[in-house]
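A short worksheet on the structure shown next.
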Amino acid sequence: MNCPICGAVLNDGAKFCGNCGNKVEIAAAPAAPAAETPVMPAAPVAPIAPAEQLTASIFDQPAAPQQQPVPETPVQPVNTASVQGAFAQPDQQIYTQPQAGGGYGGNNYIQNNYTQENLNPPVVKKKGKGVLIAVLVVFALLIVGIGVTLFIFRGSLKNTWARLTKSPDEYLKYVISESMEESLDGMEDLQKEYSEMLAKMDDINMQGSLRVQMNDELLDTLEDASASLLANSRYGSMSYDSDYYDYYDDYYDTDMYDKYDTYDDYYQAEHASKGSGGNGLNLSAYGDITLNGSYDRKGNLMGVNAGIQVKGGSDVIGVDAVYDGDNYTVYGRIPQLNKDYIMIDLSNVLDKNQQKDLDKVLSATADFSSASMDPKMVRDMYNRYIMAVLKPIEKVEASKVKLPVNGTKMSCRAYEFTLDDDLFQEMVLAVIDEIKDDRDLGKWFDDYMDNLDFGQSSASKPDWDKFLDQLEDAEKDVKNIKFDEVFKCAFYITDSGKITGFSILGEDDKDPHFSYAWNYNKNKLDIELTSDYTDKNDKTQFLDIKGGGTVKSGKFTGDFVLDFSALDDKVDFSLEDVEIEDKKNPGGTFRIGLEQFMKMAEDKTDAIPDCIKKADLVISFSGTIKDNTFSIGLENGSQDVIKLTTNAKISDSQGIAVPSSKESVEINEGNADTEMVKYLKDSDLEKVVSGLETLGLPDSYADQIRQVTKMLDYY
């Protein structure tokens with residue numbers, strides 16, 4: 001049968017035309033041939049769904065109940081044109097009608113439409129709107145798919161959606177909040193590591209060292225200065241070696257009296273400081289000297305040791321100490337003096353109340369966790385207080401701008417708002433209200449104060465309620481704040497939603513003015529900071545920093561220029577290997593030339609050695625909370641004039657033991673006169689004195705210490 005409107009071939013019993021949608025009058029269906037397999041009766045066809053519901057309807061239909069297999073029917077040859085015509089406009093029921101074999105469409109359509117009766121090609125008179133709608137839907141989905149793919153790869157879909165759907169003030173708060181989240185990721189990791197460290201203070205080992213390195217020119221300068229200083233001191237003028245008068249004639253014969261005011265000055269500068277005796281310091285050992293120390297704790301047992309080393313040698317002098325908190329006992333020794341410890345029983349010295357106070361101190365130092373907030377709590381606090389500050393900001397205006405950064409211009413959007421005294425008051429009051437409701441902060445505060453309250457009376461201990469009372473007074477003061485002018489504030493935000501600058505400007509584009517901007521493009525980073533204001537003398541004070549460099553493997557190296565109103569000339573400085581991506585392992589080096597400042601000072605720097613005048617100040621840091629290195633020094637060319645380097649490392653306790661009775665000598669009030677003298681007689685005092693001389697102790701002082709040995713012979 002054919003459609004009376006468009007002529008399309010229809011199935012027997014069809015109620016609607018699959019091509020034009022015309023309703024067809026139902027005629028009496030002819031009886032099916034007996035040889036053919038019976039066809040399952042079809043359910044009524046649902047109305048055509050709108051385009052946006054079409055896809056959903058396909059998946060929303062319930063699965064048909066499992067049917068018994070139907071015997072296969074021989075398939076007759078079909079006409080190709082008929083098949084193509086049928087596919088051009090499929091029967092609507094294939095999308096909506098569940099089929100006998102389970103699922104939808106497919107087999108039923110073929111079985112119903114490709115019978116021997118439908119071999120003649122359909123006559124198509126006109127096309128409906130279905131094809132056009134399908135094409136538009138596919139085209140729209142294609143465009144959206146491409147757009148989504150691009151935005152996903154650019155990482156800005158979320159930001160773009162926020163910018164398009166939010167007002168300027170809402171979007172500004174959104175971007176600041178997102179930026180805070182990125183910063184807090186690294187901070188939360190560091191806070192967690194710090195908290196874990198503090199929570200294990202009763203099972204910890206801390207090691208550190210300080211190394212000092214100086215070149216010969218600086219050592220000579222310091223030796224001469226020390227000789228002059230000691231010669232004018234009370235002890236220096238009283239302590240002379242036997243060769244003091246040996247150079248008396250030289251003082252006059254060589255006209256040294258024109259150079260030095262007194263013979264003492266001449267002797268100390270020309271002879272005593274050169275190692276011939278007297279009071280000048282011999283600092284040669286300080287060309288490379290290191291102070292090492294460590295602290296180890298396991299419960300109430302603590303040990304401390306420290307030593308001074310010179311290059312290529314062991315400790316020239318040191319100290320070891322152990323404290324047994326369970327028995328209130330202290331052990332101490334100088335290894336170079338005596339291998340045995342002096343033991344003092346504090347239980348015989350301290351009364352019961354003092355012992356309790358000492359226990360409280362030990363308990364507090366064993367658990368500093370109350371001094372550190374939970375990392376998640378810190379993160380939550382930052383978010384809440386930042387949003388409290390931002391909440392009052394309204395009437396934000398957005399515009400596209402070209403932001404100048406170190407000689408270049410960067411395309412971004414400026415989000416501007418006005419800061420007056422009313423807005424400032426709202427911001428501060430919002431923070432105060434947040435503090436009042438912050439129970440977590442209040443609990444932490446009270447716990448922290450309890451941890452610090454070593455024997456204090458409860459009346460004198462600060463508590464959270466008293467702090468809130470003070471906030472009430474502060475709230476009243478804030479409401480009386482009045483600005484003399486209105487400030488224009490602006491945040492500069494890239495298309496990808498990154499804050500790339502900030503500025504604040506006085507009313508009518510007058511000072512004070514402050515702006516900070518950076519442009520990170522591929523492997524190049526440019527930074528610019530400018531600020532200025534007019535002081536009470538109507539003079540402009542300013543500070544500008546501009547520069548840039550490259551980023552390699554997440555580390556930045558660049559050169560900058562400092563222009564400061566307090567300086568006569570501009571000053572160059574640089575940053576080297578500054579870590580900008582790894583938040584858990586910060587590091588980098590700061591370098592600035594001192595010669596720039598020396599030229600500005602002119603004749604005021606005449607007494608400063610050239611090795612210092614032409615040096616660079618170099619500050620460097622690397623490592624983590626638990627293992628780090630810091631150094632500061634003066635560098636001339638590739639040589640260190642002076643350099644101080646510190647190393648710190650924190651780990652679990654390495655183990656510590658109380659010295660045995662064979663390794664210690666108990667000293668108390670009853671035996672101090674005898675046991676202490678015996679201990680010193682058994683000691684190697686000369687080894688200690690030699691170590692002190694290595695560290696620059698003048699001969700005259702060393703000889704006085706040696707007299708102790710002779711005095712011990714009288715006991």
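So you can find residues: chains in the structure tokens are A, B, ... in the order shown, residues in each start at 1, and ligands are numbered from 1 in order.
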
| task | Compile the contact shell of stretch 678-690 of chain A as a list in words: residues with an atom at most 9 Å away, counting only C-alpha atoms, same-chain residues fewer than 5 positions apart removed. | result | Val316, Ile317, Ile334, Gln336, Leu337, Asn338, Lys339, Asp340, Ile342, Val665, Asp673, Leu695, Leu697, Ala702, Asp703, Ile705, Arg706, Val708, Thr709, Leu712, Asp713 and Tyr715 of chain A

Same residues, N, CA and C atoms, saved as a CSV table (one decimal), in the first residue's frame:
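Once written, again_25.csv looks like this:
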```
chain,number,residue,atom,x,y,z
A,316,VAL,N,88.5,20.5,68.2
A,316,VAL,CA,89.5,21.1,69.0
A,316,VAL,C,89.0,21.3,70.4
A,317,ILE,N,87.7,21.5,70.5
A,317,ILE,CA,87.1,21.6,71.9
A,317,ILE,C,85.6,21.3,71.7
A,334,ILE,N,83.7,17.7,79.0
A,334,ILE,CA,84.5,18.2,77.9
A,334,ILE,C,85.4,17.1,77.4
A,336,GLN,N,87.8,16.7,75.5
A,336,GLN,CA,89.2,16.9,75.4
A,336,GLN,C,89.9,17.0,76.8
A,337,LEU,N,89.0,17.3,77.8
A,337,LEU,CA,89.5,17.4,79.2
A,337,LEU,C,89.5,16.1,79.9
A,338,ASN,N,88.4,15.4,79.8
A,338,ASN,CA,88.3,14.1,80.5
A,338,ASN,C,87.2,13.3,79.8
A,339,LYS,N,87.5,12.0,79.7
A,339,LYS,CA,86.6,11.1,79.0
A,339,LYS,C,85.4,10.8,79.9
A,340,ASP,N,85.5,11.0,81.2
A,340,ASP,CA,84.5,10.7,82.2
A,340,ASP,C,83.5,11.9,82.3
A,342,ILE,N,80.9,14.3,84.6
A,342,ILE,CA,80.5,14.8,85.9
A,342,ILE,C,79.0,14.6,86.1
A,665,VAL,N,81.5,10.6,87.4
A,665,VAL,CA,81.9,10.9,88.8
A,665,VAL,C,80.9,11.8,89.4
A,673,ASP,N,84.8,19.5,97.1
A,673,ASP,CA,86.2,20.0,97.3
A,673,ASP,C,87.2,18.9,96.9
A,695,LEU,N,92.3,28.1,68.3
A,695,LEU,CA,91.2,29.0,68.0
A,695,LEU,C,91.5,30.5,68.1
A,697,LEU,N,93.3,32.0,70.9
A,697,LEU,CA,93.5,32.6,72.2
A,697,LEU,C,94.9,33.1,72.3
A,702,ALA,N,96.5,32.1,77.6
A,702,ALA,CA,96.7,30.6,77.7
A,702,ALA,C,97.6,30.3,78.8
A,703,ASP,N,98.6,31.2,79.0
A,703,ASP,CA,99.5,30.9,80.2
A,703,ASP,C,98.8,31.0,81.5
A,705,ILE,N,95.7,30.3,82.1
A,705,ILE,CA,94.9,29.0,82.3
A,705,ILE,C,95.9,27.9,82.8
A,706,ARG,N,97.1,27.9,82.2
A,706,ARG,CA,98.0,26.8,82.6
A,706,ARG,C,98.4,26.9,84.1
A,708,VAL,N,96.5,27.0,86.4
A,708,VAL,CA,95.5,26.2,87.2
A,708,VAL,C,96.2,24.8,87.5
A,709,THR,N,96.9,24.3,86.6
A,709,THR,CA,97.6,23.0,86.8
A,709,THR,C,98.5,23.0,87.9
A,712,LEU,N,96.7,23.1,91.3
A,712,LEU,CA,96.2,21.8,91.7
A,712,LEU,C,97.2,20.9,92.4
A,713,ASP,N,98.5,21.2,92.2
A,713,ASP,CA,99.5,20.4,92.9
A,713,ASP,C,99.5,20.7,94.4
A,715,TYR,N,96.9,20.7,96.3
A,715,TYR,CA,95.9,19.9,96.9
A,715,TYR,C,96.2,18.5,97.1
```

| message | I'd like the neighbourhood of A:Thr550 as number ranges by chain, where a residue qualifies if any of its atoms comes within 7 Å (using only C-alpha atoms), though same-chain residues fewer than 6 positions away should be ignored. | response | A: 523-525, 556-558

| request: Pick out the residues sitting within 12 Å of A:Leu350, and hand them over as a list of chain:residue names; count only C-alpha atoms, and ignore anything fewer than 4 positions along from it in its own chain. | output: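 Contacts, in chain order: A:Asn327, A:Tyr328, A:Thr329, A:Ile344, A:Asp345, A:Leu346, A:Gln354, A:Gln355, A:Lys356, A:Asp357, A:Leu358, A:Asp359.
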
| Residues of stretch 586-700 of chain A in helix (DSSP H, G or I), written as number ranges by chain | A: 595-605, 610-613, 661-663, 672-681, 685-694, 699-700

| request: Grab the atom CA of A:Ser700 to atom CA of A:Gly332 distance for me, in Å with one decimal place. | output: 28.4 Å

| request: Would you please work out which residue, of A:Lys584, A:Val571, A:Ile527, A:Ser620, is nearest to A:Lys409 when using only C-alpha atoms? | output: A:Ile527

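Considering the residues A:Asp473, A:Asp438, A:Asp532, A:Asp568 and counting only C-alpha atoms, A:Ala601 has its shortest atom-to-atom contact with A:Asp568.
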
| If you count only C-alpha atoms, which residues fall within 10 Å of stretch 403-406 of chain A, apart from same-chain ones fewer than 4 positions away, as a VMD selection string? | chain A and resid 410 to 414 492 500 to 501 516 to 519 525 to 529 545 to 548 560

| query | DSSP on the backbone: what in stretch 394-575 of chain A comes out strand (DSSP E or B), as a VMD selection string? | reply | chain A and resid 397 to 405 408 to 419 487 to 493 499 to 505 513 to 521 524 to 534 540 to 552 555 to 564 571 to 575

| request: Within 10 Å of A:Ile176, counting only C-alpha atoms, which residues show up once you throw out same-chain ones fewer than 5 positions away? Write them as a ChimeraX atom specification, please. | output: /A:171,181,386-387,390,491,493,497-499

| message | Residues within 9 Å of A:Asp421, please, as an MDAnalysis selection string. Count only C-alpha atoms; anything in the same chain fewer than 6 positions from it doesn't count. | response | chainID A and resid 481:486

Take the residues just selected and output them with N, CA and C atoms as a tab-separated table (two decimals), in the first residue's frame.
```tsv
chain	number	residue	atom	x	y	z
A	481	ILE	N	37.04	55.00	61.70
A	481	ILE	CA	38.09	55.24	60.71
A	481	ILE	C	37.54	56.05	59.54
A	482	LYS	N	38.25	57.09	59.16
A	482	LYS	CA	37.86	57.90	58.03
A	482	LYS	C	39.06	58.14	57.12
A	483	PHE	N	38.88	57.93	55.81
A	483	PHE	CA	39.95	58.16	54.84
A	483	PHE	C	39.90	59.60	54.35
A	484	ASP	N	41.07	60.15	54.05
A	484	ASP	CA	41.13	61.48	53.45
A	484	ASP	C	40.80	61.45	51.97
A	485	GLU	N	40.93	60.30	51.35
A	485	GLU	CA	40.68	60.18	49.93
A	485	GLU	C	40.14	58.79	49.61
A	486	VAL	N	39.77	58.61	48.36
A	486	VAL	CA	39.25	57.35	47.87
A	486	VAL	C	40.30	56.70	46.99
```

| task | Tell me, in Å to one decimal, how far atom CA of A:Asp216 is from atom CA of A:Val641. | result | 8.5 Å
